[in-house]
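Quick look at input_2.cif (mmCIF, C-alpha atoms):
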```
data_final
#
loop_
_atom_site.label_atom_id
_atom_site.label_comp_id
_atom_site.auth_asym_id
_atom_site.auth_seq_id
_atom_site.Cartn_x
_atom_site.Cartn_y
_atom_site.Cartn_z
CA MET F 269 127.42 -54.75 -0.38
CA SER F 270 129.01 -53.03 2.61
CA LYS F 271 127.10 -50.53 4.71
CA VAL F 272 129.17 -47.65 3.39
CA ALA F 273 128.65 -48.67 -0.25
CA ALA F 274 124.89 -48.98 0.32
CA GLN F 275 124.84 -45.55 1.93
CA ILE F 276 126.79 -43.98 -0.95
CA ARG F 277 124.34 -45.57 -3.37
CA PHE F 278 121.43 -44.13 -1.38
CA LEU F 279 122.97 -40.65 -1.37
CA ASN F 280 123.78 -40.84 -5.10
CA ALA F 281 120.16 -41.87 -5.78
CA ILE F 282 119.17 -38.52 -4.28
CA SER F 283 121.75 -36.35 -6.01
CA PHE F 284 123.10 -38.13 -9.07
CA THR F 285 121.48 -41.26 -10.50
CA THR F 286 117.80 -40.18 -10.61
CA ARG F 287 117.82 -38.18 -13.84
CA LYS F 288 114.30 -36.82 -14.42
CA PRO F 289 113.88 -34.58 -11.37
CA GLN F 290 117.37 -33.05 -11.70
CA ILE F 291 115.92 -29.65 -12.61
CA LEU F 292 116.01 -26.10 -11.34
CA ILE F 293 112.48 -24.78 -10.96
CA ASN F 294 111.89 -21.10 -11.67
CA ALA F 295 111.66 -19.72 -8.13
CA GLU F 296 110.19 -16.42 -9.33
CA LYS F 297 107.04 -18.14 -10.56
CA TYR F 298 106.45 -21.06 -8.21
CA ALA F 299 106.37 -21.42 -4.44
CA GLY F 300 105.83 -25.16 -4.26
CA ILE F 301 103.70 -28.20 -4.99
CA LYS F 302 101.14 -30.04 -2.92
CA LEU F 303 100.43 -33.73 -3.40
CA THR F 304 97.28 -35.34 -2.05
CA PHE F 305 96.79 -39.10 -2.16
CA GLN F 306 95.93 -42.14 -0.06
CA VAL F 307 98.23 -43.81 2.44
CA LYS F 308 97.71 -47.18 0.71
CA ASN F 309 98.12 -47.94 -3.00
CA HIS F 310 94.61 -49.08 -3.93
CA ASN F 311 92.21 -47.09 -6.17
CA GLY F 312 95.07 -46.08 -8.49
CA HIS F 313 97.18 -44.14 -5.98
CA MET F 314 100.37 -46.15 -6.42
CA GLY F 315 101.93 -43.81 -8.99
CA ALA F 316 101.58 -40.84 -6.66
CA ARG F 317 103.24 -42.72 -3.81
CA SER F 318 106.07 -43.88 -6.06
CA LEU F 319 106.59 -40.32 -7.32
CA TRP F 320 106.93 -39.16 -3.72
CA LYS F 321 109.43 -41.89 -2.83
CA LYS F 322 111.49 -41.93 -6.02
CA TYR F 323 111.52 -38.43 -7.49
CA LEU F 324 110.64 -35.88 -4.83
CA PRO F 325 113.88 -36.27 -2.76
CA THR F 326 115.94 -35.31 -5.83
CA LEU F 327 113.59 -32.44 -6.69
CA GLN F 328 113.92 -31.15 -3.13
CA PHE F 329 117.71 -31.63 -3.14
CA TYR F 330 118.23 -29.38 -6.18
CA ASN F 331 115.48 -26.93 -5.12
CA PRO F 332 115.98 -26.53 -1.36
CA ASP F 333 113.62 -23.55 -1.04
CA PHE F 334 110.85 -25.13 -3.12
CA LYS F 335 108.05 -26.15 -0.75
CA ILE F 336 106.84 -29.72 -1.19
CA ASP F 337 103.80 -30.72 0.84
CA VAL F 338 102.51 -34.27 0.94
CA VAL F 339 99.05 -34.96 2.34
CA ARG F 340 98.28 -38.65 2.77
CA ILE F 341 94.71 -39.64 3.57
CA LYS F 342 93.91 -42.81 5.49
CA ASN F 343 91.37 -45.15 3.93
CA PRO F 344 92.05 -48.54 5.48
CA ASP F 345 88.71 -50.21 4.70
CA LYS F 346 88.83 -49.06 1.01
CA LYS F 347 85.24 -47.77 1.28
CA LYS F 348 85.88 -44.19 0.20
CA LYS F 349 86.34 -44.08 -3.55
CA ASP F 350 86.46 -40.29 -3.96
CA ILE F 351 89.75 -39.55 -2.21
CA PRO F 352 91.65 -37.09 -4.42
CA CYS F 353 94.90 -38.09 -6.07
CA THR F 354 96.15 -34.72 -7.24
CA LEU F 355 99.24 -32.59 -7.59
CA ASP F 356 98.71 -28.84 -7.15
CA ILE F 357 101.25 -26.38 -8.47
CA ILE F 358 101.30 -23.32 -6.22
CA ALA F 359 102.38 -19.88 -7.37
CA ASN F 360 104.34 -17.39 -5.29
CA ASP F 361 101.15 -15.57 -4.30
CA GLY F 362 99.76 -18.79 -2.79
CA LYS F 363 97.23 -19.50 -5.56
CA VAL F 364 96.92 -22.92 -7.18
CA ILE F 365 97.79 -22.31 -10.82
CA ASP F 366 97.53 -25.87 -12.11
CA THR F 367 96.34 -29.27 -10.92
CA LEU F 368 97.45 -32.66 -12.22
CA ASP F 369 95.35 -35.77 -11.79
CA MET F 370 97.68 -38.59 -10.72
CA ARG F 371 95.13 -41.40 -10.43
CA ASN F 372 95.95 -44.58 -12.38
CA LYS F 373 99.20 -43.12 -13.72
CA MET F 374 102.78 -44.30 -13.48
CA TYR F 375 105.19 -42.10 -11.54
CA ASP F 376 107.24 -41.54 -14.71
CA ASP F 377 104.19 -40.25 -16.60
CA ILE F 378 103.26 -37.94 -13.71
CA MET F 379 106.80 -36.54 -13.69
CA ASP F 380 106.68 -35.98 -17.47
CA GLN F 381 103.39 -34.10 -17.09
CA LEU F 382 104.83 -31.99 -14.27
CA LEU F 383 107.88 -31.13 -16.38
CA GLU F 384 105.58 -30.04 -19.23
CA LYS F 385 103.54 -27.77 -16.96
CA ILE F 386 106.33 -26.23 -14.88
CA ASP F 387 108.95 -23.71 -16.05
CA HIS F 388 112.36 -25.23 -15.37
CA ASN F 389 115.96 -25.69 -16.48
CA VAL F 390 117.63 -29.09 -16.61
CA ILE F 391 120.81 -29.15 -14.55
CA PRO F 392 123.82 -29.99 -16.76
CA GLU F 393 125.63 -33.19 -15.86
CA GLU F 394 128.83 -31.44 -14.84
CA ASN F 395 126.93 -29.52 -12.15
CA LEU F 396 125.41 -32.61 -10.57
CA ILE F 397 126.71 -33.70 -7.19
CA LYS F 398 128.15 -37.18 -7.07
CA ILE F 399 129.57 -38.92 -4.04
CA GLU F 400 132.64 -40.88 -4.97
CA PRO F 401 133.63 -43.76 -2.72
CA LYS F 402 136.81 -42.83 -0.86
CA ILE F 403 139.22 -45.40 0.43
CA ALA F 404 140.05 -44.72 4.07
CA LYS F 405 143.79 -44.86 4.69
CA MET K 27 129.39 -72.58 3.11
CA LYS K 28 125.73 -71.64 2.73
CA GLY K 29 125.18 -74.60 0.50
CA THR K 30 126.58 -76.92 3.11
CA ARG K 31 124.30 -75.55 5.81
CA TYR K 32 121.31 -75.77 3.53
CA SER K 33 122.04 -79.35 2.74
CA ILE K 34 122.35 -80.21 6.41
CA SER K 35 119.10 -78.50 7.35
CA SER K 36 117.31 -80.10 4.44
CA THR K 37 118.63 -83.50 5.45
CA MET K 38 117.55 -82.81 9.01
CA ASN K 39 114.10 -81.85 7.82
CA ILE K 40 113.91 -85.09 5.96
CA LEU K 41 115.04 -86.98 9.02
CA ARG K 42 112.71 -84.92 11.25
CA ILE K 43 115.50 -84.04 13.61
CA PRO K 44 114.48 -81.23 16.03
CA ALA K 45 115.90 -77.75 15.30
CA ARG K 46 117.90 -77.72 18.57
CA ALA K 47 120.09 -80.45 17.19
CA THR K 48 121.46 -78.10 14.48
CA VAL K 49 123.85 -76.53 17.01
CA ALA K 50 125.50 -79.85 17.66
CA PHE K 51 125.60 -80.57 13.93
CA ASN K 52 127.29 -77.25 13.18
CA ARG K 53 130.00 -77.72 15.77
CA VAL K 54 130.96 -81.24 14.88
CA PRO K 55 132.69 -81.78 11.55
CA ILE K 56 130.44 -84.07 9.58
CA ARG K 57 131.99 -86.96 7.82
CA GLY K 58 130.49 -88.62 4.84
CA GLY K 59 129.90 -91.81 6.77
CA LEU K 60 127.63 -90.22 9.34
CA LEU K 61 125.49 -88.48 6.76
CA ALA K 62 125.40 -91.54 4.60
CA GLN K 63 124.14 -93.50 7.59
CA CYS K 64 121.51 -90.89 8.34
CA THR K 65 120.25 -90.70 4.79
CA SER K 66 120.24 -94.44 4.31
CA SER K 67 118.16 -94.86 7.47
CA SER K 68 115.68 -92.25 6.25
CA GLN K 69 115.37 -94.03 2.94
CA SER K 70 114.74 -97.36 4.60
CA ARG K 71 111.96 -95.81 6.71
CA GLY K 72 110.49 -94.04 3.66
CA ILE K 73 109.80 -90.87 5.63
CA HIS K 74 109.70 -88.41 2.74
CA SER K 75 109.19 -88.72 -0.95
CA THR K 76 112.16 -86.40 -1.75
CA SER K 77 114.62 -88.23 0.47
CA ASN K 78 116.66 -89.39 -2.51
CA VAL K 79 117.30 -85.80 -3.58
CA GLY K 80 118.40 -84.89 -0.05
CA ALA K 81 120.75 -87.83 0.11
CA GLU K 82 122.38 -86.96 -3.21
CA GLU K 83 122.77 -83.34 -2.15
CA ALA K 84 124.31 -84.32 1.17
CA ALA K 85 126.68 -86.74 -0.46
CA SER K 86 127.85 -84.13 -2.97
CA THR K 87 128.45 -81.47 -0.27
CA THR K 88 130.32 -83.72 2.12
CA THR K 89 132.89 -84.48 -0.52
CA SER K 90 133.47 -80.78 -1.37
CA ALA K 91 133.55 -79.06 2.05
CA THR K 92 133.26 -79.62 5.78
CA ILE K 93 131.87 -77.20 8.36
CA PRO K 94 134.64 -75.52 10.37
CA VAL K 95 134.77 -76.18 14.08
CA VAL K 96 133.94 -73.11 16.20
CA PRO K 97 136.70 -73.01 18.78
CA THR K 98 135.77 -72.28 22.37
CA LEU K 99 138.06 -69.61 23.78
CA SER K 100 139.60 -69.73 27.20
CA LYS K 101 139.18 -66.83 29.65
CA GLU K 102 142.63 -65.48 28.85
CA GLN K 103 141.99 -65.59 25.14
CA LEU K 104 138.67 -63.77 25.61
CA LYS K 105 140.39 -61.09 27.67
CA LYS K 106 143.06 -60.66 25.01
CA ARG K 107 140.42 -60.39 22.31
CA GLU K 108 138.56 -57.72 24.30
CA LEU K 109 141.76 -55.70 24.74
CA ARG K 110 142.57 -56.02 21.05
CA ARG K 111 139.09 -54.82 20.08
CA LEU K 112 139.30 -51.89 22.52
CA SER K 113 142.63 -50.75 21.07
CA GLN K 114 141.16 -51.08 17.56
CA ARG K 115 138.18 -48.92 18.56
CA LYS K 116 140.54 -46.37 20.12
CA THR K 117 142.70 -46.06 17.01
CA GLU K 118 139.57 -45.75 14.87
CA ALA K 119 138.20 -43.03 17.17
CA LYS K 120 141.44 -41.05 16.94
CA ARG K 121 141.29 -40.88 13.15
CA PRO K 122 139.99 -37.58 11.73
CA ALA K 123 136.39 -37.60 10.52
CA SER K 124 137.37 -36.13 7.16
CA ILE K 125 138.92 -39.39 5.96
CA HIS K 126 135.69 -41.35 6.41
CA PRO K 127 134.01 -42.20 3.06
CA LEU K 128 130.70 -40.75 4.28
CA TYR K 129 132.16 -37.51 5.63
CA MET K 130 130.45 -34.24 4.65
CA PRO K 131 130.36 -30.67 5.91
CA VAL K 132 127.29 -30.10 8.11
CA VAL K 133 125.48 -27.84 5.61
CA GLU K 134 125.79 -30.39 2.79
CA ALA K 135 124.73 -33.20 5.12
CA LEU K 136 121.64 -31.23 6.08
CA ARG K 137 120.76 -30.79 2.40
CA TYR K 138 120.76 -34.57 1.91
CA ILE K 139 118.82 -35.17 5.13
CA ARG K 140 116.14 -32.63 4.21
CA ALA K 141 115.80 -34.21 0.75
CA ALA K 142 115.39 -37.67 2.26
CA GLU K 143 112.71 -36.41 4.65
CA VAL K 144 110.63 -34.65 2.01
CA GLY K 145 106.88 -34.97 2.54
CA ARG K 146 107.15 -36.61 5.95
CA PRO K 147 105.08 -35.31 8.87
CA SER K 148 107.00 -32.72 10.89
CA GLY K 149 106.82 -34.91 14.00
CA GLN K 150 108.96 -37.51 12.23
CA GLN K 151 111.57 -35.09 10.91
CA THR K 152 113.91 -35.05 13.89
CA ILE K 153 117.62 -34.63 13.17
CA THR K 154 119.78 -36.60 15.58
CA LEU K 155 123.45 -36.37 16.43
CA THR K 156 125.01 -39.68 17.43
CA SER K 157 128.54 -39.92 18.75
CA LEU K 158 130.38 -43.13 19.51
CA VAL K 159 132.06 -43.29 22.91
CA VAL K 160 135.06 -45.49 23.51
CA ASN K 161 135.52 -46.35 27.15
CA GLU K 162 137.00 -49.15 29.16
CA LYS K 163 134.99 -51.62 31.13
CA GLY K 164 133.65 -50.30 34.43
CA VAL K 165 133.84 -46.61 33.51
CA ALA K 166 130.62 -44.77 34.39
CA PRO K 167 128.55 -43.79 31.34
CA LEU K 168 128.72 -40.17 30.21
CA ASN K 169 125.78 -38.00 31.22
CA GLY K 170 124.93 -34.36 31.53
CA HIS K 171 122.58 -31.59 30.58
CA ILE K 172 122.38 -29.66 27.36
CA SER K 173 120.61 -26.37 26.77
CA LEU K 174 119.85 -25.90 23.10
CA PRO K 175 119.65 -22.34 21.73
CA ARG K 176 116.69 -23.48 19.57
CA PRO K 177 114.83 -26.20 21.47
CA LEU K 178 112.96 -28.88 19.52
CA LYS K 179 109.76 -28.23 21.41
CA ALA K 180 108.63 -25.14 23.31
CA LEU K 181 108.52 -26.18 26.96
CA LYS K 182 105.56 -25.22 29.13
CA VAL K 183 106.86 -24.26 32.56
CA ALA K 184 104.99 -23.77 35.85
CA VAL K 185 106.49 -21.77 38.72
CA PHE K 186 105.16 -21.93 42.27
CA SER K 187 106.08 -19.19 44.73
CA GLN K 188 104.50 -16.83 47.27
CA ASN K 189 106.47 -13.84 45.98
CA GLU K 190 104.10 -12.18 43.51
CA GLU K 191 106.64 -9.63 42.30
CA LEU K 192 109.06 -12.40 41.41
CA LEU K 193 106.31 -14.36 39.65
CA THR K 194 105.33 -11.46 37.38
CA ARG K 195 109.01 -10.93 36.53
CA MET K 196 109.39 -14.65 35.72
CA LYS K 197 106.32 -14.69 33.50
CA GLU K 198 107.64 -11.76 31.47
CA LYS K 199 111.22 -12.98 31.22
CA TYR K 200 110.78 -16.72 30.63
CA HIS K 201 107.22 -16.77 29.19
CA CYS K 202 106.11 -19.25 31.88
CA HIS K 203 102.88 -21.11 31.19
CA LEU K 204 101.60 -21.01 34.79
CA VAL K 205 102.72 -18.92 37.77
CA GLY K 206 101.13 -18.72 41.20
CA GLY K 207 101.10 -19.65 44.83
CA VAL K 208 98.64 -21.46 47.09
CA GLU K 209 95.63 -20.29 45.05
CA LEU K 210 97.09 -21.97 41.92
CA ILE K 211 97.65 -25.20 43.86
CA ASN K 212 93.99 -25.15 44.95
CA LYS K 213 92.83 -24.53 41.38
CA ILE K 214 94.90 -27.46 40.10
CA LYS K 215 93.56 -29.62 42.92
CA ASN K 216 89.96 -28.74 42.08
CA GLY K 217 90.55 -29.37 38.40
CA GLU K 218 89.99 -25.76 37.36
CA VAL K 219 93.48 -25.54 35.87
CA LYS K 220 94.90 -28.31 33.71
CA THR K 221 98.31 -29.78 34.48
CA ASP K 222 99.48 -29.46 30.87
CA PHE K 223 102.97 -28.17 31.69
CA ASP K 224 106.23 -30.06 31.04
CA LYS K 225 108.35 -28.77 33.94
CA ALA K 226 107.63 -27.27 37.35
CA PHE K 227 109.80 -25.21 39.69
CA ALA K 228 109.06 -24.07 43.22
CA SER K 229 110.54 -22.00 46.01
CA SER K 230 111.47 -23.97 49.13
CA ASP K 231 108.48 -22.64 51.15
CA MET K 232 106.08 -24.01 48.50
CA ALA K 233 107.73 -27.42 48.11
CA ASN K 234 106.11 -28.97 51.19
CA ILE K 235 102.64 -27.60 50.38
CA LEU K 236 102.98 -28.91 46.80
CA SER K 237 103.98 -32.41 47.84
CA ALA K 238 101.13 -32.54 50.38
CA GLN K 239 98.43 -31.16 48.09
CA LEU K 240 99.50 -32.27 44.59
CA GLY K 241 101.86 -35.13 45.40
CA LYS K 242 99.65 -37.70 43.72
CA THR K 243 98.74 -35.78 40.59
CA LEU K 244 102.15 -34.27 39.82
CA GLY K 245 104.29 -37.03 41.31
CA ARG K 246 102.94 -39.67 38.96
CA ARG K 247 103.84 -37.57 35.95
CA GLY K 248 107.29 -36.74 37.31
CA LEU K 249 106.44 -33.04 37.55
CA LEU K 250 106.53 -32.55 41.32
CA PRO K 251 109.30 -30.08 42.21
CA ASN K 252 111.81 -31.57 44.56
CA ALA K 253 115.19 -30.57 45.94
CA LYS K 254 116.83 -33.83 44.86
CA LYS K 255 115.93 -33.19 41.24
CA GLY K 256 117.16 -29.62 41.53
CA THR K 257 113.79 -28.02 40.82
CA VAL K 258 113.39 -26.38 44.24
CA SER K 259 115.40 -23.31 45.19
CA ASP K 260 115.04 -19.97 46.92
CA ASP K 261 116.85 -18.31 44.02
CA LEU K 262 114.30 -19.23 41.36
CA GLU K 263 115.58 -16.74 38.83
CA SER K 264 119.03 -18.29 38.47
CA LEU K 265 117.53 -21.80 38.67
CA LEU K 266 115.25 -21.11 35.72
CA ALA K 267 118.05 -19.50 33.75
CA ASP K 268 120.05 -22.74 34.09
CA LYS K 269 117.32 -25.31 33.71
CA ILE K 270 114.56 -23.95 31.53
CA GLY K 271 115.95 -25.10 28.20
CA SER K 272 118.12 -27.92 29.47
CA LEU K 273 117.67 -31.51 28.37
CA PRO K 274 119.34 -34.48 30.00
CA PHE K 275 121.50 -36.78 27.86
CA ARG K 276 123.08 -40.08 28.78
CA GLN K 277 125.37 -42.60 27.16
CA THR K 278 123.46 -45.73 26.19
CA GLY K 279 125.60 -48.66 25.15
CA ASN K 280 128.62 -47.15 23.44
CA CYS K 281 127.02 -44.03 22.02
CA ILE K 282 125.40 -40.73 22.93
CA SER K 283 122.39 -39.70 20.90
CA ILE K 284 120.98 -36.18 21.05
CA GLY K 285 118.08 -34.74 19.06
CA ILE K 286 119.39 -31.42 17.80
CA GLY K 287 116.74 -30.13 15.46
CA LYS K 288 113.91 -30.52 13.02
CA CYS K 289 114.18 -30.39 9.25
CA HIS K 290 112.42 -27.03 9.08
CA PHE K 291 115.08 -25.39 11.30
CA SER K 292 117.54 -23.17 9.44
CA ASP K 293 121.15 -24.26 8.94
CA GLU K 294 122.32 -21.63 11.41
CA GLU K 295 119.94 -22.84 14.13
CA ILE K 296 121.06 -26.43 13.70
CA LEU K 297 124.73 -25.41 13.71
CA ARG K 298 124.21 -23.46 16.95
CA ASN K 299 122.51 -26.50 18.48
CA ILE K 300 125.40 -28.74 17.38
CA ILE K 301 127.90 -26.34 19.00
CA ALA K 302 125.84 -26.39 22.23
CA ALA K 303 125.72 -30.19 22.13
CA ARG K 304 129.49 -30.32 21.60
CA SER K 305 130.22 -28.10 24.57
CA ALA K 306 127.83 -30.13 26.78
CA VAL K 307 129.44 -33.43 25.77
CA MET K 308 132.95 -32.02 26.27
CA LYS K 309 131.92 -30.78 29.72
CA ALA K 310 130.61 -34.24 30.59
CA LEU K 311 133.91 -35.76 29.39
CA SER K 312 136.00 -33.36 31.47
CA GLU K 313 133.88 -34.00 34.56
CA GLN K 314 134.15 -37.77 34.24
CA LYS K 315 135.70 -39.21 37.40
CA SER K 316 137.87 -41.96 36.00
CA LYS K 317 141.56 -42.70 35.69
CA LYS K 318 141.10 -43.63 32.06
CA PRO K 319 138.69 -41.11 30.55
CA SER K 320 136.43 -41.97 27.63
CA ILE K 321 137.10 -40.65 24.14
CA LEU K 322 134.66 -39.67 21.43
CA GLY K 323 134.69 -41.48 18.11
CA LYS K 324 132.78 -41.19 14.85
CA THR K 325 129.91 -38.70 14.97
CA THR K 326 126.99 -38.99 12.58
CA LEU K 327 124.13 -36.70 11.71
CA SER K 328 120.99 -38.58 10.79
CA SER K 329 117.24 -38.25 10.70
CA THR K 330 114.24 -40.53 11.17
CA HIS K 331 114.16 -41.76 7.56
CA GLY K 332 117.33 -40.21 6.22
CA PRO K 333 120.92 -41.34 5.87
CA GLY K 334 123.60 -41.22 8.55
CA ILE K 335 126.34 -38.80 7.49
CA VAL K 336 129.65 -38.45 9.28
CA ILE K 337 130.45 -34.91 10.44
CA ASP K 338 133.31 -33.19 12.19
CA PHE K 339 132.33 -32.90 15.85
CA ILE K 340 135.48 -32.85 17.94
#
```

Show me this structure written as structure tokens.
Amino acid sequence: MSKVAAQIRFLNAISFTTRKPQILINAEKYAGIKLTFQVKNHNGHMGARSLWKKYLPTLQFYNPDFKIDVVRIKNPDKKKKDIPCTLDIIANDGKVIDTLDMRNKMYDDIMDQLLEKIDHNVIPEENLIKIEPKIAK
Amino acid sequence: MKGTRYSISSTMNILRIPARATVAFNRVPIRGGLLAQCTSSSQSRGIHSTSNVGAEEAASTTTSATIPVVPTLSKEQLKKRELRRLSQRKTEAKRPASIHPLYMPVVEALRYIRAAEVGRPSGQQTITLTSLVVNEKGVAPLNGHISLPRPLKALKVAVFSQNEELLTRMKEKYHCHLVGGVELINKIKNGEVKTDFDKAFASSDMANILSAQLGKTLGRRGLLPNAKKGTVSDDLESLLADKIGSLPFRQTGNCISIGIGKCHFSDEEILRNIIAARSAVMKALSEQKSKKPSILGKTTLSSTHGPGIVIDFI
């Protein structure tokens, strides 16, 4: 794959091909979300990290003013077992209105739970942004 | 092609030929006879248990393909190739950015970059503008100074002068971190005041005292004001107006790279910074003392973890 094709694929992964987070979150109700998890995957934190890498770019792309905070806690020697693995939904007044536990869950399941809890509208396919490969003349 | 190389290396492993010998193997077209000799000798010695497999593989590849000879070019040919590549780069640079497959307007590019940087620490969210420079051999690299309307980091500035009236004016106008005269130098020398500033300016009467008293402490950190650097002047007000927000930039290799913002900056702030960067680069191009001036090519906007997106810069 050429560099340009790989780049177009990367950009489309943000704006077009990742279906689940292509939503418009109700900006009147929510200010943002805050994720807290470990830097490394152990103790069931892998789903949270995958959610951050795979779904949050698309969520941010379609909701540019929605604040997404990620707090990653270092635990290199794996001694601390009580590091939180949570997703807080923050209202416009700054209060945490809901908290999801992400420990030992797949990123897909976490996203499904978030979609259940949060008021949103799915963006219709015709409104999605797709980057078509152009042929330079 | 890959298969051929693999078979050669595997045969060489079997034969325990040192890795350096691969160069010679690649350059010389290998005939079936040579390999057959090699493999038969390895079999007779019984070096490796899988030598039969290697021999079969080598025999099958030698019949299907041979490794091409890498020609060594003469000086003239190399010169011609260099000229050809330069003209190719020039024609590519002259093409409009809008026909590039990764071209986007700046605002849309920033949307993608911010999405790619989601959840990263703010220190890692630097947006960089990189512009390719096409120049001929021997032309001095482009360099200059750029003053961004919204700097990436608030600079802490220290001003040394005997004129107290001027110092109070400077502190109000440019929000200087430290201002003072001889008493400030003594305080820094005694360790009462920390040297936590990023830039220092001084009037010419203070320059000698500074270098004598604080030469070691400030000189090591590159903060000592000096006329050669352009940080000593009797007209401090105009000097600060020019230099306070200015950052040096320099062509490295065949590109200029300038940090023009952070992801949390607004679109307008980043656009203003891009315009400032453009005018600084254009100024550097116009001031270039060369018969054949450099030209700017493809310009990309990228971030630490994000994609590189082509934008219209010229």

When the PyMOL selection byres ((chain F and resi 353-359) around 6) is applied to the structure above, which residues does it catch, written out as a CSV table (one decimal) with C-alpha atoms, in the coordinates of the input?
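Contents of expr-v2.csv, freshly written:
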```csv
chain,number,residue,atom,x,y,z
F,297,LYS,CA,107.0,-18.1,-10.6
F,298,TYR,CA,106.4,-21.1,-8.2
F,299,ALA,CA,106.4,-21.4,-4.4
F,300,GLY,CA,105.8,-25.2,-4.3
F,301,ILE,CA,103.7,-28.2,-5.0
F,302,LYS,CA,101.1,-30.0,-2.9
F,303,LEU,CA,100.4,-33.7,-3.4
F,304,THR,CA,97.3,-35.3,-2.0
F,305,PHE,CA,96.8,-39.1,-2.2
F,352,PRO,CA,91.6,-37.1,-4.4
F,360,ASN,CA,104.3,-17.4,-5.3
F,361,ASP,CA,101.2,-15.6,-4.3
F,362,GLY,CA,99.8,-18.8,-2.8
F,363,LYS,CA,97.2,-19.5,-5.6
F,364,VAL,CA,96.9,-22.9,-7.2
F,365,ILE,CA,97.8,-22.3,-10.8
F,366,ASP,CA,97.5,-25.9,-12.1
F,367,THR,CA,96.3,-29.3,-10.9
F,368,LEU,CA,97.4,-32.7,-12.2
F,369,ASP,CA,95.4,-35.8,-11.8
F,370,MET,CA,97.7,-38.6,-10.7
F,371,ARG,CA,95.1,-41.4,-10.4
```

Check: Separation of atom CA of K:Ser229 and atom CA of K:Ser259, in Å?
Finding: 5.1 Å

Margin query: Residues of chain F within 8 Å of chain K, counting only C-alpha atoms, what are they? List them as a PyMOL selection string.
Written below: chain F and resi 272+275-276+278-279+282+320+324-329+332+336-339+401-405

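Using all atoms listed in the file, the protein and nucleic acid residues lying no more than 9 Å from F:Asp376, apart from those fewer than 6 places from it along its own chain, are F:Lys288, F:Gly315, F:Leu319, F:Tyr323.
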
Next item on the list: Do a neighbour search on F:Gln290 at 8 Å with only C-alpha atoms, toss out local chain neighbours closer than 3 positions, and write the hits as a list of chain:residue names.
Entry: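 Once the adjacent positions are removed, what remains is F:Ser283, F:Thr286, F:Arg287, F:Thr326, F:Leu327, F:Tyr330, F:Val390, F:Ile391.
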
Next item on the list: Could you give me, as a list in words, the residues within 8 Å of K:Ser187, counting only C-alpha atoms and dropping anything in the same chain fewer than 5 positions from it?
Entry: Leu193, Val205, Gly206, Gly207, Ala228, Ser229, Asp231 and Met232 of chain K
